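Visitor: Data: structure32.cif, mmCIF, C-alpha atoms.
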```
data_run
#
loop_
_atom_site.label_atom_id
_atom_site.label_comp_id
_atom_site.auth_asym_id
_atom_site.auth_seq_id
_atom_site.Cartn_x
_atom_site.Cartn_y
_atom_site.Cartn_z
CA MET H 198 10.14 -7.53 -18.26
CA SER H 199 11.09 -9.07 -14.93
CA GLY H 200 8.77 -12.10 -14.96
CA ILE H 201 7.79 -11.22 -11.38
CA VAL H 202 4.19 -10.79 -10.26
CA THR H 203 3.40 -9.72 -6.71
CA LEU H 204 0.02 -10.37 -5.20
CA LEU H 205 -1.71 -8.23 -2.59
CA THR H 206 -5.27 -9.14 -1.59
CA ASP H 207 -7.73 -9.35 1.27
CA PHE H 208 -8.64 -12.92 0.28
CA GLY H 209 -6.96 -14.67 3.22
CA MET H 210 -5.54 -18.19 2.85
CA ARG H 211 -8.45 -20.23 4.18
CA ASP H 212 -10.24 -20.47 0.83
CA GLY H 213 -9.13 -21.18 -2.73
CA TYR H 214 -9.29 -17.61 -4.04
CA VAL H 215 -5.55 -16.90 -4.08
CA ALA H 216 -4.81 -20.25 -5.70
CA ALA H 217 -7.43 -19.58 -8.40
CA VAL H 218 -5.75 -16.27 -9.27
CA LYS H 219 -2.33 -17.93 -9.42
CA GLY H 220 -3.77 -20.70 -11.56
CA VAL H 221 -4.99 -18.20 -14.15
CA LEU H 222 -1.63 -16.42 -14.13
CA LEU H 223 0.30 -19.65 -14.67
CA SER H 224 -2.09 -20.87 -17.35
CA ARG H 225 -1.42 -17.73 -19.36
CA ALA H 226 2.23 -17.17 -18.45
CA PRO H 227 4.01 -20.33 -17.25
CA GLY H 228 7.20 -19.72 -15.34
CA LEU H 229 6.16 -16.56 -13.53
CA ILE H 230 7.81 -15.77 -10.22
CA PHE H 231 5.22 -15.03 -7.54
CA VAL H 232 5.77 -12.91 -4.45
CA ASP H 233 2.92 -12.73 -1.96
CA VAL H 234 2.98 -9.25 -0.45
CA SER H 235 0.03 -10.05 1.79
CA HIS H 236 -3.33 -11.79 1.75
CA ASP H 237 -4.18 -10.69 5.28
CA ILE H 238 -5.35 -7.16 4.50
CA PRO H 239 -8.56 -6.59 6.51
CA PRO H 240 -11.52 -7.17 4.17
CA GLY H 241 -12.15 -4.11 2.02
CA ASP H 242 -9.49 -2.01 3.75
CA VAL H 243 -8.12 -0.07 0.77
CA ALA H 244 -6.07 2.24 2.99
CA ALA H 245 -4.18 -0.67 4.53
CA ALA H 246 -3.57 -2.15 1.09
CA ALA H 247 -2.30 1.15 -0.27
CA PHE H 248 0.20 1.38 2.57
CA ALA H 249 1.34 -2.22 2.01
CA LEU H 250 2.03 -1.34 -1.63
CA LEU H 251 4.09 1.63 -0.47
CA GLN H 252 6.10 -0.61 1.84
CA ALA H 253 6.83 -3.27 -0.78
CA ALA H 254 6.60 -2.12 -4.39
CA PRO H 255 9.53 0.33 -4.55
CA HIS H 256 11.97 -2.45 -3.65
CA PHE H 257 11.22 -4.67 -6.66
CA PRO H 258 13.06 -4.73 -9.99
CA ALA H 259 11.83 -2.50 -12.78
CA GLU H 260 8.93 -3.94 -14.80
CA THR H 261 7.61 -5.99 -11.90
CA VAL H 262 3.82 -6.41 -12.14
CA HIS H 263 1.95 -5.71 -8.90
CA LEU H 264 -1.49 -7.33 -8.86
CA ALA H 265 -3.45 -5.63 -6.07
CA VAL H 266 -7.02 -6.76 -5.46
CA VAL H 267 -8.66 -5.20 -2.43
CA ASP H 268 -11.88 -4.36 -4.16
CA PRO H 269 -15.00 -3.65 -2.10
CA GLY H 270 -16.60 -2.12 -5.20
CA VAL H 271 -16.11 -5.19 -7.40
CA GLY H 272 -18.69 -5.41 -10.17
CA GLY H 273 -19.77 -1.80 -9.67
CA PRO H 274 -18.90 1.38 -11.59
CA ARG H 275 -15.28 1.63 -10.39
CA ARG H 276 -12.70 1.25 -13.16
CA GLY H 277 -10.17 -1.50 -13.57
CA LEU H 278 -6.66 -0.24 -14.32
CA ALA H 279 -3.36 -1.25 -15.80
CA ALA H 280 -0.91 1.47 -14.83
CA ARG H 281 2.77 2.25 -15.07
CA VAL H 282 3.95 4.17 -12.03
CA GLY H 283 7.58 5.05 -12.46
CA GLU H 284 9.30 1.79 -13.42
CA GLN H 285 6.66 -0.47 -11.85
CA LEU H 286 3.42 -1.88 -13.30
CA PHE H 287 0.15 -2.17 -11.41
CA VAL H 288 -3.11 -3.97 -12.10
CA GLY H 289 -6.24 -3.63 -10.00
CA PRO H 290 -9.28 -1.51 -9.24
CA ASP H 291 -9.15 2.27 -9.41
CA ASN H 292 -10.15 2.85 -5.80
CA GLY H 293 -7.19 4.59 -4.19
CA LEU H 294 -4.68 1.74 -4.05
CA LEU H 295 -2.07 3.92 -5.78
CA THR H 296 -2.53 6.89 -3.43
CA HIS H 297 0.92 6.68 -1.82
CA LEU H 298 2.85 5.58 -4.90
CA ALA H 299 1.50 7.89 -7.60
CA VAL H 300 3.24 10.91 -6.10
CA ASP H 301 6.04 12.81 -7.84
CA VAL H 302 6.55 10.01 -10.41
CA PRO H 303 5.23 9.62 -13.96
CA VAL H 304 1.93 7.74 -14.12
CA VAL H 305 0.44 6.30 -17.31
CA ALA H 306 -2.83 4.46 -16.69
CA HIS H 307 -5.23 2.59 -18.96
CA GLU H 308 -8.77 1.53 -18.15
CA ILE H 309 -9.41 -2.17 -18.73
CA THR H 310 -12.20 -2.20 -21.32
CA SER H 311 -11.01 -4.57 -24.04
CA PRO H 312 -13.34 -7.59 -24.35
CA ILE H 313 -10.23 -9.75 -24.44
CA PHE H 314 -9.51 -8.82 -20.82
CA ALA H 315 -12.98 -7.84 -19.63
CA PRO H 316 -15.18 -10.57 -21.16
CA ARG H 317 -18.94 -10.58 -20.67
CA ASP H 318 -18.77 -13.90 -18.86
CA ALA H 319 -16.34 -12.57 -16.22
CA SER H 320 -17.70 -13.13 -12.74
CA PRO H 321 -19.01 -9.81 -11.42
CA VAL H 322 -17.79 -10.79 -7.95
CA PHE H 323 -14.31 -12.11 -8.83
CA HIS H 324 -12.53 -9.67 -11.13
CA GLY H 325 -9.26 -10.65 -9.45
CA ARG H 326 -9.45 -14.01 -11.21
CA ASP H 327 -11.33 -13.18 -14.41
CA VAL H 328 -10.11 -9.67 -15.31
CA PHE H 329 -7.06 -8.56 -13.35
CA ALA H 330 -5.12 -11.85 -13.43
CA PRO H 331 -5.26 -12.13 -17.27
CA VAL H 332 -4.10 -8.52 -17.58
CA ALA H 333 -1.25 -9.09 -15.12
CA ALA H 334 -0.13 -12.18 -17.04
CA PHE H 335 -0.23 -10.20 -20.28
CA LEU H 336 1.91 -7.40 -18.87
CA ALA H 337 4.33 -9.85 -17.26
CA GLN H 338 5.01 -11.29 -20.72
CA GLY H 339 5.87 -7.86 -22.08
CA GLY H 340 2.42 -6.87 -23.33
CA ALA H 341 1.64 -3.17 -23.69
CA ALA H 342 -0.84 -1.65 -21.25
CA ALA H 343 -2.37 0.30 -24.14
CA ALA H 344 -3.81 -2.98 -25.43
CA VAL H 345 -6.18 -3.33 -22.48
CA GLY H 346 -8.07 -0.09 -23.12
CA GLY H 347 -7.88 3.65 -23.49
CA GLN H 348 -5.57 5.87 -21.50
CA VAL H 349 -6.96 7.85 -18.57
CA THR H 350 -5.45 10.96 -17.08
CA SER H 351 -3.40 10.53 -13.93
CA ASP H 352 -5.30 13.30 -12.17
CA SER H 353 -8.55 11.36 -12.66
CA LEU H 354 -7.30 8.38 -10.61
CA GLU H 355 -9.08 7.79 -7.35
CA ARG H 356 -7.08 8.82 -4.32
CA LEU H 357 -7.78 8.23 -0.67
CA GLU H 358 -8.57 11.26 1.44
CA LEU H 359 -5.72 11.05 3.92
CA PRO H 360 -4.92 13.56 6.66
CA GLN H 361 -2.03 15.88 5.84
CA ALA H 362 0.80 16.68 8.24
CA ARG H 363 1.07 20.34 9.20
CA ALA H 364 4.28 22.18 10.06
CA THR H 365 4.35 24.08 13.35
CA GLU H 366 6.91 26.33 15.00
CA GLN H 367 8.15 23.39 17.07
CA GLY H 368 7.83 20.58 14.55
CA TRP H 369 4.79 18.84 13.06
CA ASP H 370 1.19 17.95 13.77
CA GLY H 371 0.19 14.74 12.02
CA ALA H 372 -1.98 11.67 12.33
CA VAL H 373 -1.74 7.89 12.48
CA ILE H 374 -2.28 6.47 8.98
CA HIS H 375 -1.45 2.79 9.55
CA VAL H 376 -1.27 0.26 12.37
CA ASP H 377 1.08 -2.60 11.54
CA HIS H 378 1.24 -6.23 12.66
CA PHE H 379 3.37 -5.33 15.68
CA GLY H 380 0.97 -2.63 16.85
CA ASN H 381 3.28 0.15 15.70
CA LEU H 382 1.40 3.38 14.95
CA ILE H 383 2.77 4.81 11.70
CA SER H 384 2.07 8.47 11.04
CA ASN H 385 2.08 10.78 8.05
CA VAL H 386 4.94 12.87 9.49
CA ARG H 387 8.21 12.47 7.62
CA VAL H 388 11.32 12.81 9.77
CA GLU H 389 15.00 13.14 9.02
CA PRO H 390 17.32 10.28 10.08
CA GLU H 391 19.00 12.24 12.87
CA SER H 392 15.96 14.11 14.19
CA ARG H 393 15.43 13.93 17.94
CA GLY H 394 12.67 15.34 20.08
CA GLU H 395 9.45 14.54 21.90
CA VAL H 396 6.28 12.99 20.49
CA VAL H 397 2.81 13.43 21.97
CA LEU H 398 0.00 10.96 21.32
CA GLY H 399 -3.10 11.61 23.39
CA ALA H 400 -2.01 11.64 27.04
CA GLU H 401 1.28 9.88 26.25
CA ARG H 402 4.66 11.51 25.72
CA MET H 403 7.72 9.67 24.48
CA PRO H 404 11.17 10.46 23.11
CA LEU H 405 12.00 10.40 19.41
CA VAL H 406 15.15 8.25 19.28
CA ARG H 407 17.02 6.02 16.84
CA THR H 408 15.57 2.59 17.57
CA TYR H 409 13.18 0.66 19.82
CA SER H 410 15.82 -0.57 22.29
CA ASP H 411 16.82 2.98 23.18
CA VAL H 412 14.10 2.80 25.86
CA PRO H 413 13.42 0.13 28.49
CA ALA H 414 11.29 -2.89 27.62
CA GLY H 415 7.59 -2.12 27.82
CA SER H 416 8.10 1.61 27.27
CA LEU H 417 6.61 3.71 24.49
CA VAL H 418 9.04 5.14 21.99
CA ALA H 419 8.96 7.12 18.76
CA VAL H 420 11.32 6.31 15.89
CA ARG H 421 11.84 7.06 12.24
CA GLY H 422 10.29 3.98 10.67
CA SER H 423 11.45 2.09 7.61
CA THR H 424 9.37 4.28 5.26
CA GLY H 425 10.88 7.46 6.69
CA ARG H 426 7.75 8.28 8.68
CA LEU H 427 7.39 8.88 12.38
CA GLU H 428 6.04 5.86 14.20
CA VAL H 429 5.06 5.28 17.80
CA ALA H 430 6.00 1.85 19.12
CA CYS H 431 6.39 -0.08 22.34
CA ASN H 432 9.68 -1.83 22.99
CA GLY H 433 8.66 -5.47 23.19
CA GLY H 434 4.93 -4.75 23.01
CA SER H 435 2.10 -3.18 21.04
CA ALA H 436 1.73 0.59 21.07
CA ALA H 437 -1.78 0.21 19.65
CA GLU H 438 -2.87 -1.95 22.59
CA LEU H 439 -1.05 0.17 25.16
CA THR H 440 -2.48 3.48 23.98
CA GLY H 441 -5.76 2.44 22.36
CA ALA H 442 -4.81 4.65 19.40
CA THR H 443 -5.86 3.89 15.85
CA ARG H 444 -5.89 5.45 12.38
CA GLY H 445 -6.72 9.13 12.39
CA ASP H 446 -5.49 9.87 15.92
CA VAL H 447 -3.36 13.00 16.24
CA VAL H 448 0.41 12.74 16.66
CA THR H 449 2.55 15.78 17.49
CA LEU H 450 6.31 15.97 17.00
CA ARG H 451 8.37 18.58 18.82
CA VAL H 452 11.76 18.58 17.18
CA LEU H 453 14.80 19.27 19.36
CA GLN H 454 17.50 18.42 16.84
CA ARG H 455 17.73 18.22 13.08
CA SER H 456 20.61 16.87 11.03
#
```
What do you get writing this file as structure tokens?
Guide:
Amino acid sequence: MSGIVTLLTDFGMRDGYVAAVKGVLLSRAPGLIFVDVSHDIPPGDVAAAAFALLQAAPHFPAETVHLAVVDPGVGGPRRGLAARVGEQLFVGPDNGLLTHLAVDVPVVAHEITSPIFAPRDASPVFHGRDVFAPVAAFLAQGGAAAAVGGQVTSDSLERLELPQARATEQGWDGAVIHVDHFGNLISNVRVEPESRGEVVLGAERMPLVRTYSDVPAGSLVAVRGSTGRLEVACNGGSAAELTGATRGDVVTLRVLQRS
């Protein structure tokens, strides 16, 4: 066990919700190391949370526990999960948060049903504090996920319905799947490090180059982002504001050079 627990929520920092979750974790497992992935996920935006997990989780030590609570269905029929995905552990609702991570890696998931971790007096509107935090503390101390409830099949996990990139004779047709803090438009098209070409987004055309500063300030540019996906950016500005594009908008890559 690593003793590390990351937290990803849409709780914000204005209220005491994040502190309450950390209080439960520390009460059950003193000495934990906390890493706040983000608490600024737009309320209920599971797709944004799933992408944030993709950006962060693979870079943590094995056995890190990732507590992800973006849970618009809290208290409803959705399942609560404790899951091992590769060498990482995840706790949270079964609502698509693992969509990007549970690909081509072993997944062993358990539904949280044990009355020890899902007590009758748990708040139906704050499972992050009363259900998921106790489970995360348990796993962070080396507890077995099997203790929280029965195993569920990996193919039964909820997955987000995301657009799929499509190969063309010239390159790829894809779509924007995430807009980051800088206004960069991240697509579902994977590109090789040395690929060069032209990218089309709506009425805009821009070169696919190595980095943002390869074009003048204020210009649109396409680069291979840090997750290996094609992203449209603006050198020194926001591509989202400049283009008005958002999730789901079509992005076309015409490859001129491959490594």
Visitor: Using atom CA of H:Pro240 and atom CA of H:Ala419 as the two end points, give the distance in Å to one decimal.
Guide: 28.9 Å
Visitor: Mind checking which residues fall within 12 Å of stretch 268-270 of chain H, counting only C-alpha atoms, ignoring those fewer than 6 positions away in the same chain, and posting them as a list in words?
Guide: Leu205, Thr206, Asp207, Phe208, Ile238, Pro239, Pro240, Gly241, Asp242, Val243, Ala244, Ala246, Ala247, Arg276, Gly277, Val288, Gly289, Pro290, Asp291, Asn292, Gly293, Leu294, Pro321, Val322, Phe323, His324, Gly325 and Phe329 of chain H
Visitor: Could you list, as JSON, numbers by chain, every residue matched by the PyMOL selection byres ((chain H and resi 372) around 10) in this structure?
Guide: {"H": [359, 360, 361, 362, 363, 369, 370, 371, 373, 374, 375, 382, 383, 384, 385, 386, 398, 427, 443, 444, 445, 446, 447, 448, 449]}
Visitor: Kindly indicate which residue among H:Met403, H:Ala342, H:Ala265, H:Val429 lies nearest to H:Ala279, using all atoms listed in the file for the distances.
Guide: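 Distance minimum relative to H:Ala279 lands on H:Ala342.
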Visitor: Given the PyMOL selection byres ((chain H and resi 415) around 10) and the file above, list the residues it selects as a PyMOL selection string.
Guide: chain H and resi 412-414+416-418+430-436+439
Visitor: For each of H:Asp377, H:Asp352, H:Asp301, H:Glu308, take the minimum atom-to-atom distance to H:Ala280, counting only C-alpha atoms, then give the residue where this is smallest.
Guide: H:Glu308
Visitor: What does the structure give for the distance between atom CA of H:Glu260 and atom CA of H:Leu286, in Å to one decimal?
Guide: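 Those two atoms sit 6.1 Å apart.
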Visitor: Under the rule that only C-alpha atoms are counted, which of H:Thr261, H:Thr203, H:Thr440, H:Ser410 is the nearest residue to H:Gly380?
Guide: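 Between H:Thr261, H:Thr203, H:Thr440, H:Ser410, the residue approaching H:Gly380 most closely is H:Thr440.
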Visitor: Please measure the separation of atom CA of H:Phe335 and atom CA of H:Val300, giving the value in Å to one decimal.
Guide: 25.7 Å
Visitor: Using all atoms listed in the file, which protein or nucleic acid residues come within 9 Å of H:Asp327? Drop anything in the same chain fewer than 3 positions from it, and give the result as an MDAnalysis selection string.
Guide: chainID H and resid 218 221 314:316 318:321 323:324 330:331
Visitor: What do you get, as a count of residues only, if you spell out every residue that the PyMOL selection byres ((chain H and resi 388) around 10) selects here?
Guide: 22
Visitor: Using all atoms listed in the file, which of the listed residues (H:Lys219, H:Val328, H:Ile230, H:Val397) sits closest to H:Gly272?
Guide: H:Val328
Visitor: Considering only C-alpha atoms, can you say which of H:Gly394, H:Gly340, H:Pro274, H:Gly441 comes closest to H:Val376?
Guide: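 The answer is H:Gly441, which sits nearest to H:Val376.
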Visitor: Fewer than 2 positions away in the same chain doesn't count, so skip those; otherwise give me all residues within 10 Å of H:Asp233, counting only C-alpha atoms, as a ChimeraX atom specification.
Guide: /H:202-206,215,231,235-236,263-264
Visitor: Assuming the input is short of atoms at stretch 335-369 of chain H, produce N, CA and C atoms for that part as a PDB file, in the coordinates of the input.
Guide:
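Printed below is rebuild_27.pdb as written:
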```pdb
ATOM      1  N   PHE H 335      -0.551 -10.858 -19.013  1.00  0.00           N
ATOM      2  CA  PHE H 335      -0.230 -10.200 -20.280  1.00  0.00           C
ATOM      3  C   PHE H 335       0.922  -9.212 -20.119  1.00  0.00           C
ATOM      4  N   LEU H 336       0.853  -8.384 -19.104  1.00  0.00           N
ATOM      5  CA  LEU H 336       1.910  -7.400 -18.870  1.00  0.00           C
ATOM      6  C   LEU H 336       3.218  -8.083 -18.482  1.00  0.00           C
ATOM      7  N   ALA H 337       3.124  -9.145 -17.704  1.00  0.00           N
ATOM      8  CA  ALA H 337       4.330  -9.850 -17.260  1.00  0.00           C
ATOM      9  C   ALA H 337       5.076 -10.488 -18.421  1.00  0.00           C
ATOM     10  N   GLN H 338       4.378 -10.737 -19.520  1.00  0.00           N
ATOM     11  CA  GLN H 338       5.010 -11.290 -20.720  1.00  0.00           C
ATOM     12  C   GLN H 338       5.470 -10.206 -21.681  1.00  0.00           C
ATOM     13  N   GLY H 339       5.407  -8.969 -21.249  1.00  0.00           N
ATOM     14  CA  GLY H 339       5.870  -7.860 -22.080  1.00  0.00           C
ATOM     15  C   GLY H 339       4.787  -7.174 -22.868  1.00  0.00           C
ATOM     16  N   GLY H 340       3.514  -7.518 -22.629  1.00  0.00           N
ATOM     17  CA  GLY H 340       2.420  -6.870 -23.330  1.00  0.00           C
ATOM     18  C   GLY H 340       2.309  -5.394 -22.975  1.00  0.00           C
ATOM     19  N   ALA H 341       1.785  -4.610 -23.893  1.00  0.00           N
ATOM     20  CA  ALA H 341       1.640  -3.170 -23.690  1.00  0.00           C
ATOM     21  C   ALA H 341       0.330  -2.857 -22.994  1.00  0.00           C
ATOM     22  N   ALA H 342       0.378  -2.005 -21.990  1.00  0.00           N
ATOM     23  CA  ALA H 342      -0.840  -1.650 -21.250  1.00  0.00           C
ATOM     24  C   ALA H 342      -1.875  -1.007 -22.158  1.00  0.00           C
ATOM     25  N   ALA H 343      -1.430  -0.348 -23.219  1.00  0.00           N
ATOM     26  CA  ALA H 343      -2.370   0.300 -24.140  1.00  0.00           C
ATOM     27  C   ALA H 343      -3.324  -0.696 -24.772  1.00  0.00           C
ATOM     28  N   ALA H 344      -2.953  -1.980 -24.803  1.00  0.00           N
ATOM     29  CA  ALA H 344      -3.810  -2.980 -25.430  1.00  0.00           C
ATOM     30  C   ALA H 344      -5.043  -3.315 -24.599  1.00  0.00           C
ATOM     31  N   VAL H 345      -5.050  -2.940 -23.323  1.00  0.00           N
ATOM     32  CA  VAL H 345      -6.180  -3.330 -22.480  1.00  0.00           C
ATOM     33  C   VAL H 345      -7.313  -2.312 -22.535  1.00  0.00           C
ATOM     34  N   GLY H 346      -7.033  -1.115 -23.046  1.00  0.00           N
ATOM     35  CA  GLY H 346      -8.070  -0.090 -23.120  1.00  0.00           C
ATOM     36  C   GLY H 346      -7.474   1.294 -23.222  1.00  0.00           C
ATOM     37  N   GLY H 347      -8.328   2.282 -23.277  1.00  0.00           N
ATOM     38  CA  GLY H 347      -7.880   3.650 -23.490  1.00  0.00           C
ATOM     39  C   GLY H 347      -7.181   4.245 -22.274  1.00  0.00           C
ATOM     40  N   GLN H 348      -6.310   5.209 -22.561  1.00  0.00           N
ATOM     41  CA  GLN H 348      -5.570   5.870 -21.500  1.00  0.00           C
ATOM     42  C   GLN H 348      -6.474   6.826 -20.727  1.00  0.00           C
ATOM     43  N   VAL H 349      -6.248   6.900 -19.423  1.00  0.00           N
ATOM     44  CA  VAL H 349      -6.960   7.850 -18.570  1.00  0.00           C
ATOM     45  C   VAL H 349      -5.953   8.780 -17.950  1.00  0.00           C
ATOM     46  N   THR H 350      -6.372   9.989 -17.631  1.00  0.00           N
ATOM     47  CA  THR H 350      -5.450  10.960 -17.080  1.00  0.00           C
ATOM     48  C   THR H 350      -5.088  10.605 -15.639  1.00  0.00           C
ATOM     49  N   SER H 351      -3.845  10.882 -15.276  1.00  0.00           N
ATOM     50  CA  SER H 351      -3.400  10.530 -13.930  1.00  0.00           C
ATOM     51  C   SER H 351      -4.152  11.308 -12.863  1.00  0.00           C
ATOM     52  N   ASP H 352      -4.587  12.535 -13.187  1.00  0.00           N
ATOM     53  CA  ASP H 352      -5.300  13.300 -12.170  1.00  0.00           C
ATOM     54  C   ASP H 352      -6.745  12.839 -11.983  1.00  0.00           C
ATOM     55  N   SER H 353      -7.196  11.903 -12.832  1.00  0.00           N
ATOM     56  CA  SER H 353      -8.550  11.360 -12.660  1.00  0.00           C
ATOM     57  C   SER H 353      -8.544  10.093 -11.802  1.00  0.00           C
ATOM     58  N   LEU H 354      -7.366   9.589 -11.432  1.00  0.00           N
ATOM     59  CA  LEU H 354      -7.300   8.380 -10.610  1.00  0.00           C
ATOM     60  C   LEU H 354      -7.867   8.649  -9.227  1.00  0.00           C
ATOM     61  N   GLU H 355      -8.552   7.661  -8.694  1.00  0.00           N
ATOM     62  CA  GLU H 355      -9.080   7.790  -7.350  1.00  0.00           C
ATOM     63  C   GLU H 355      -7.946   7.826  -6.333  1.00  0.00           C
ATOM     64  N   ARG H 356      -8.063   8.722  -5.385  1.00  0.00           N
ATOM     65  CA  ARG H 356      -7.080   8.820  -4.320  1.00  0.00           C
ATOM     66  C   ARG H 356      -7.794   8.879  -2.972  1.00  0.00           C
ATOM     67  N   LEU H 357      -7.198   8.225  -2.002  1.00  0.00           N
ATOM     68  CA  LEU H 357      -7.780   8.230  -0.670  1.00  0.00           C
ATOM     69  C   LEU H 357      -7.649   9.616  -0.046  1.00  0.00           C
ATOM     70  N   GLU H 358      -8.632   9.997   0.715  1.00  0.00           N
ATOM     71  CA  GLU H 358      -8.570  11.260   1.440  1.00  0.00           C
ATOM     72  C   GLU H 358      -7.846  11.026   2.766  1.00  0.00           C
ATOM     73  N   LEU H 359      -6.546  11.283   2.747  1.00  0.00           N
ATOM     74  CA  LEU H 359      -5.720  11.050   3.920  1.00  0.00           C
ATOM     75  C   LEU H 359      -5.436  12.367   4.634  1.00  0.00           C
ATOM     76  N   PRO H 360      -5.292  12.333   5.955  1.00  0.00           N
ATOM     77  CA  PRO H 360      -4.920  13.560   6.660  1.00  0.00           C
ATOM     78  C   PRO H 360      -3.522  14.004   6.242  1.00  0.00           C
ATOM     79  N   GLN H 361      -3.313  15.317   6.228  1.00  0.00           N
ATOM     80  CA  GLN H 361      -2.030  15.880   5.840  1.00  0.00           C
ATOM     81  C   GLN H 361      -1.299  16.413   7.064  1.00  0.00           C
ATOM     82  N   ALA H 362      -0.001  16.142   7.150  1.00  0.00           N
ATOM     83  CA  ALA H 362       0.800  16.680   8.240  1.00  0.00           C
ATOM     84  C   ALA H 362       0.933  18.190   8.084  1.00  0.00           C
ATOM     85  N   ARG H 363       1.002  18.887   9.221  1.00  0.00           N
ATOM     86  CA  ARG H 363       1.070  20.340   9.200  1.00  0.00           C
ATOM     87  C   ARG H 363       2.283  20.812  10.005  1.00  0.00           C
ATOM     88  N   ALA H 364       3.112  21.650   9.377  1.00  0.00           N
ATOM     89  CA  ALA H 364       4.280  22.180  10.060  1.00  0.00           C
ATOM     90  C   ALA H 364       3.870  23.179  11.130  1.00  0.00           C
ATOM     91  N   THR H 365       4.556  23.123  12.271  1.00  0.00           N
ATOM     92  CA  THR H 365       4.350  24.080  13.350  1.00  0.00           C
ATOM     93  C   THR H 365       5.684  24.722  13.697  1.00  0.00           C
ATOM     94  N   GLU H 366       5.669  25.682  14.607  1.00  0.00           N
ATOM     95  CA  GLU H 366       6.910  26.330  15.000  1.00  0.00           C
ATOM     96  C   GLU H 366       7.865  25.353  15.673  1.00  0.00           C
ATOM     97  N   GLN H 367       7.319  24.350  16.344  1.00  0.00           N
ATOM     98  CA  GLN H 367       8.150  23.390  17.070  1.00  0.00           C
ATOM     99  C   GLN H 367       8.411  22.099  16.304  1.00  0.00           C
ATOM    100  N   GLY H 368       7.649  21.832  15.275  1.00  0.00           N
ATOM    101  CA  GLY H 368       7.830  20.580  14.550  1.00  0.00           C
ATOM    102  C   GLY H 368       6.679  20.286  13.615  1.00  0.00           C
ATOM    103  N   TRP H 369       5.862  19.260  13.953  1.00  0.00           N
ATOM    104  CA  TRP H 369       4.790  18.840  13.060  1.00  0.00           C
ATOM    105  C   TRP H 369       3.593  18.336  13.856  1.00  0.00           C
TER     106      TRP H 369
END
```
